[in-house]
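J.: For reference, the file protein09.csv (CSV, C-alpha atoms and all ligand atoms) is included below:
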chain,number,residue,atom,x,y,z
A,10,MET,CA,0.0,0.0,0.0
A,11,LEU,CA,1.2,3.5,-0.8
A,12,PRO,CA,2.1,5.8,2.1
A,13,PRO,CA,0.0,8.9,2.7
A,14,MET,CA,0.9,11.6,0.3
A,15,VAL,CA,0.7,15.4,0.5
A,16,HIS,CA,-1.4,17.0,-2.2
A,17,VAL,CA,-1.2,20.7,-2.8
A,18,GLY,CA,-3.9,23.0,-4.1
A,19,ILE,CA,-3.9,26.6,-5.3
A,20,GLY,CA,-6.7,29.2,-5.0
A,21,TYR,CA,-7.1,32.7,-6.4
A,22,ASP,CA,-10.0,35.1,-6.1
A,23,VAL,CA,-10.8,38.7,-6.9
A,24,HIS,CA,-13.7,40.9,-5.8
A,25,ALA,CA,-14.6,44.5,-6.7
A,26,LEU,CA,-14.5,47.3,-4.1
A,27,VAL,CA,-17.7,49.2,-3.8
A,28,GLU,CA,-19.3,51.7,-1.4
A,29,GLY,CA,-21.9,50.6,1.0
A,30,ARG,CA,-20.5,47.2,1.8
A,31,LYS,CA,-18.5,46.0,4.9
A,32,LEU,CA,-14.9,45.0,4.2
A,33,ILE,CA,-14.5,41.5,5.5
A,34,LEU,CA,-11.1,39.8,5.1
A,35,GLY,CA,-10.3,36.5,6.8
A,36,GLY,CA,-13.5,36.9,8.8
A,37,VAL,CA,-12.4,40.3,10.2
A,38,VAL,CA,-14.5,43.4,9.7
A,39,VAL,CA,-11.8,45.8,8.6
A,40,PRO,CA,-12.7,49.5,9.0
A,41,HIS,CA,-12.6,51.1,5.5
A,42,ASP,CA,-14.7,53.4,3.3
A,43,LYS,CA,-15.5,50.6,0.8
A,44,GLY,CA,-16.2,46.9,1.0
A,45,LEU,CA,-16.0,44.0,-1.4
A,46,GLU,CA,-18.9,43.2,-3.7
A,47,GLY,CA,-20.3,39.7,-3.8
A,48,HIS,CA,-23.2,37.3,-3.2
A,49,SER,CA,-21.8,36.1,0.1
A,50,ASP,CA,-19.9,38.3,2.5
A,51,ALA,CA,-17.3,38.5,-0.4
A,52,ASP,CA,-14.4,37.5,1.9
A,53,VAL,CA,-11.8,37.2,-0.9
A,54,LEU,CA,-9.2,35.8,1.4
A,55,MET,CA,-11.4,32.9,2.7
A,56,HIS,CA,-12.5,32.2,-0.9
A,57,ALA,CA,-8.9,31.8,-2.1
A,58,VAL,CA,-8.1,29.5,0.9
A,59,CYS,CA,-11.3,27.5,0.3
A,60,ASP,CA,-10.3,26.9,-3.4
A,61,ALA,CA,-6.8,25.9,-2.4
A,62,VAL,CA,-8.1,23.2,0.0
A,63,LEU,CA,-10.7,22.1,-2.6
A,64,GLY,CA,-7.9,22.0,-5.2
A,65,ALA,CA,-5.7,19.8,-3.0
A,66,LEU,CA,-8.6,17.3,-2.9
A,67,GLY,CA,-8.9,17.5,-6.7
A,68,GLU,CA,-12.5,18.8,-6.2
A,69,ALA,CA,-14.3,21.5,-8.2
A,70,ASP,CA,-14.1,25.1,-7.1
A,71,ILE,CA,-16.0,27.1,-4.6
A,72,GLY,CA,-18.5,28.3,-7.2
A,73,HIS,CA,-19.5,24.7,-7.8
A,74,PHE,CA,-20.2,24.0,-4.1
A,75,PHE,CA,-21.7,27.4,-3.3
A,76,PRO,CA,-23.2,28.9,-6.5
A,77,ASN,CA,-23.8,32.7,-6.4
A,78,THR,CA,-27.3,32.0,-7.7
A,79,ASP,CA,-28.3,30.1,-4.5
A,80,PRO,CA,-30.1,32.4,-2.0
A,81,ARG,CA,-28.8,30.2,0.9
A,82,TRP,CA,-25.4,31.9,0.4
A,83,GLN,CA,-26.6,35.4,0.1
A,84,GLY,CA,-24.7,37.4,2.7
A,85,ALA,CA,-23.3,34.1,4.1
A,86,PRO,CA,-20.2,34.3,6.3
A,87,SER,CA,-17.5,32.6,4.2
A,88,ARG,CA,-16.3,30.6,7.2
A,89,LEU,CA,-19.2,28.3,6.2
A,90,PHE,CA,-17.3,27.5,3.0
A,91,LEU,CA,-14.1,26.7,4.9
A,92,ASN,CA,-16.2,24.5,7.3
A,93,GLU,CA,-17.4,22.6,4.3
A,94,ALA,CA,-13.9,22.3,2.7
A,95,SER,CA,-12.6,21.0,6.0
A,96,ARG,CA,-15.5,18.5,6.2
A,97,LEU,CA,-14.5,17.2,2.7
A,98,VAL,CA,-10.9,16.7,3.9
A,99,SER,CA,-12.1,14.7,6.9
A,100,PHE,CA,-14.5,12.7,4.7
A,101,ARG,CA,-11.5,11.7,2.6
A,102,GLU,CA,-9.7,10.8,5.8
A,103,GLY,CA,-7.2,13.5,5.1
A,104,LYS,CA,-5.4,16.1,7.2
A,105,ILE,CA,-4.7,19.8,6.3
A,106,VAL,CA,-0.9,20.2,6.7
A,107,ASN,CA,-0.8,23.9,6.1
A,108,VAL,CA,-2.3,26.8,4.3
A,109,ASP,CA,-0.5,29.9,3.1
A,110,ALA,CA,-2.2,33.0,1.6
A,111,THR,CA,-1.4,36.4,0.3
A,112,LEU,CA,-3.9,39.3,0.2
A,113,VAL,CA,-3.2,42.0,-2.4
A,114,ALA,CA,-4.8,45.3,-1.5
A,115,GLN,CA,-3.7,48.8,-1.9
A,116,GLN,CA,-5.5,50.1,1.1
A,117,PRO,CA,-6.1,50.0,4.1
A,118,LYS,CA,-3.1,48.8,6.1
A,119,LEU,CA,-3.9,45.2,7.0
A,120,SER,CA,-1.1,44.2,9.3
A,121,PRO,CA,-3.1,45.0,12.5
A,122,TYR,CA,-5.7,42.4,11.4
A,123,ILE,CA,-3.5,39.5,10.2
A,124,HIS,CA,-3.4,37.7,13.5
A,125,GLN,CA,-7.2,37.6,13.9
A,126,MET,CA,-7.6,36.5,10.2
A,127,LYS,CA,-5.3,33.5,11.1
A,128,VAL,CA,-7.3,32.7,14.2
A,129,ASN,CA,-10.6,32.9,12.3
A,130,MET,CA,-9.4,30.7,9.4
A,131,ALA,CA,-7.7,28.2,11.7
A,132,SER,CA,-11.0,27.9,13.6
A,133,ALA,CA,-13.1,27.5,10.5
A,134,LEU,CA,-10.8,24.8,9.1
A,135,GLY,CA,-10.3,23.0,12.5
A,136,VAL,CA,-6.5,23.4,12.5
A,137,ASN,CA,-3.9,25.1,14.7
A,138,ILE,CA,-3.1,28.7,14.0
A,139,SER,CA,0.5,27.7,13.4
A,140,GLN,CA,-0.8,25.9,10.2
A,141,ILE,CA,-2.1,29.1,8.7
A,142,GLY,CA,0.0,31.8,7.0
A,143,VAL,CA,-1.4,35.1,5.9
A,144,LYS,CA,0.5,37.9,4.3
A,145,ALA,CA,-0.7,41.2,2.8
A,146,THR,CA,1.0,43.3,0.1
A,147,THR,CA,0.0,46.3,-1.9
A,148,ASN,CA,0.1,46.3,-5.7
A,149,GLU,CA,2.5,49.3,-5.8
A,150,ARG,CA,-0.4,51.4,-7.1
A,151,LEU,CA,-0.5,49.4,-10.4
A,152,GLY,CA,-3.5,48.1,-12.2
A,153,PHE,CA,-7.1,47.6,-10.8
A,154,ILE,CA,-5.8,46.7,-7.3
A,155,GLY,CA,-3.5,49.8,-7.3
A,156,ARG,CA,-6.4,52.0,-8.3
A,157,GLU,CA,-8.4,50.5,-5.4
A,158,GLU,CA,-11.1,49.1,-7.7
A,159,GLY,CA,-10.7,45.6,-6.1
A,160,MET,CA,-8.7,43.2,-4.1
A,161,ALA,CA,-7.2,39.8,-4.8
A,162,ALA,CA,-6.0,36.9,-2.8
A,163,MET,CA,-4.1,33.8,-3.6
A,164,ALA,CA,-3.5,30.7,-1.5
A,165,VAL,CA,-1.9,27.3,-1.4
A,166,ALA,CA,-2.9,24.4,0.8
A,167,ALA,CA,-1.2,21.1,1.5
A,168,VAL,CA,-3.4,18.2,2.5
A,169,GLU,CA,-2.2,14.8,3.5
A,170,LEU,CA,-4.4,12.1,2.0
A,171,PRO,CA,-4.3,8.3,2.5
B,1,MG,MG,-15.1,35.0,-4.3
For this file, produce the structure as structure tokens.
Ligand code: MG
T.:
Amino acid sequence: MLPPMVHVGIGYDVHALVEGRKLILGGVVVPHDKGLEGHSDADVLMHAVCDAVLGALGEADIGHFFPNTDPRWQGAPSRLFLNEASRLVSFREGKIVNVDATLVAQQPKLSPYIHQMKVNMASALGVNISQIGVKATTNERLGFIGREEGMAAMAVAAVELP
């Protein structure tokens, strides 16, 4: 029999910034004059992480499991999506080894919120905070992110599967 193997997955997401929405990143409500547009709470960081975990399982993406046409997910907290990704890992008798993510946002300064984002995502995935990496960078004022029209996030996940 083959030994357990580590599978990696990648996730990427973008949401537009608009007025009149809360800015929710990694489950943290970040004070800002705009928020991300989307069907759920539009938590771009959790969405990228969710896709990374699903990718490690070889599953379809977040839009397949949680279509933005389904009223159940309207305004839904994105931790529910991480809960489900984690459940799928357990169903496969796997274990999340680690997750690492980068948020790309021109504004606001996110360093004060990074720790709480890790706490929230570790909790949603049922892992230790030491298994979650979160970094934030600006886009050096270039492109749609630099013009503050939107934010992006990318993530990788390693999952050990039998
Ligand atoms: Mg999304």
J.: For A:Ala133, please output as a PyMOL selection string all residues within 8 Å (counting all atoms listed in the file; exclusion window: fewer than 2 positions along the same chain).
T.: chain A and resi 88-89+91-92+95+129-131+135
J.: Please report the interatomic distance between atom CA of A:Phe74 and atom CA of A:Pro86 in Å with one decimal.
T.: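 It comes out at 14.6 Å.
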J.: Hey, which bits of chain A sit within 9 Å of ligand MG 1 (chain B), and for each residue what's the closest pair of atoms and how far apart in Å (one decimal), counting all atoms listed in the file, rows by chain and increasing number, as CSV?
T.:
residue,atom,partner,partner_atom,distance
A:Tyr21,CA,B:MG1,MG,8.6
A:Asp22,CA,B:MG1,MG,5.4
A:Val23,CA,B:MG1,MG,6.2
A:His24,CA,B:MG1,MG,6.2
A:Gly47,CA,B:MG1,MG,7.0
A:His48,CA,B:MG1,MG,8.5
A:Ser49,CA,B:MG1,MG,8.1
A:Asp50,CA,B:MG1,MG,9.0
A:Ala51,CA,B:MG1,MG,5.7
A:Asp52,CA,B:MG1,MG,6.7
A:Val53,CA,B:MG1,MG,5.2
A:Leu54,CA,B:MG1,MG,8.2
A:Met55,CA,B:MG1,MG,8.2
A:His56,CA,B:MG1,MG,5.1
A:Ala57,CA,B:MG1,MG,7.3
A:Ile71,CA,B:MG1,MG,8.0
A:Gly72,CA,B:MG1,MG,8.1
J.: From the list A:Pro80, A:Val136, A:Pro12, A:Val38, which residue is nearest A:Tyr122 when using only C-alpha atoms?
T.: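 Closest to A:Tyr122 of all the choices is A:Val38.
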J.: Quick one, how far is atom CA of A:Ile154 from atom CA of A:Gly29?
T.: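 Atom-to-atom, atom CA of A:Ile154 and atom CA of A:Gly29 are spaced 18.5 Å apart.
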J.: Calculated over all atoms listed in the file, which of the candidates A:Leu134, A:Val165, A:Ile19, A:Glu46 has the smallest distance to A:Gln83?
T.: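 Of A:Leu134, A:Val165, A:Ile19, A:Glu46, the one nearest A:Gln83 is A:Glu46, counting all atoms listed in the file.
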J.: Return the single residue from A:Arg96, A:Lys144, A:His124, A:Arg30 that is closest to A:Asp109, with distances computed using all atoms listed in the file.
T.: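 When distances to A:Asp109 are compared using all atoms listed in the file, the smallest one comes from A:Lys144.
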J.: May I ask which of the residues A:Lys43, A:Gly67, A:Gly36, A:Gln116 is the closest one to A:Ser87, counting only C-alpha atoms?
T.: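 Looking at the shortest contact to A:Ser87, the residue is A:Gly36.
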J.: In the coordinates of the file, take the point (-6.1, 24.1, -0.9) and a cut-off of 6 Å; then, counting all atoms listed in the file, name each qualifying protein, DNA or RNA residue as a list in words.
T.: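 Output: Gly18, Ile19, Asp60, Ala61, Val62, Leu63, Gly64, Ala65, Val165 and Ala166 of chain A.
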J.: Between A:Val27, A:Arg101, A:Thr78, A:Val15, which has the minimum distance to A:Met160 (counting all atoms listed in the file)?
T.: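 Closest to A:Met160 of all the choices is A:Val27.
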J.: Tell me, in Å to one decimal, how far atom CA of A:Ala114 is from atom CA of A:Ala164.
T.: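 Value for the atom CA of A:Ala114-atom CA of A:Ala164 distance: 14.7 Å.
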J.: Would you list the contacts of A:Ile138 as a ChimeraX atom specification, taking every protein, DNA or RNA residue within 8 Å and counting all atoms listed in the file, but skipping same-chain residues closer than 5 positions in sequence?
T.: /A:127-128,131-132
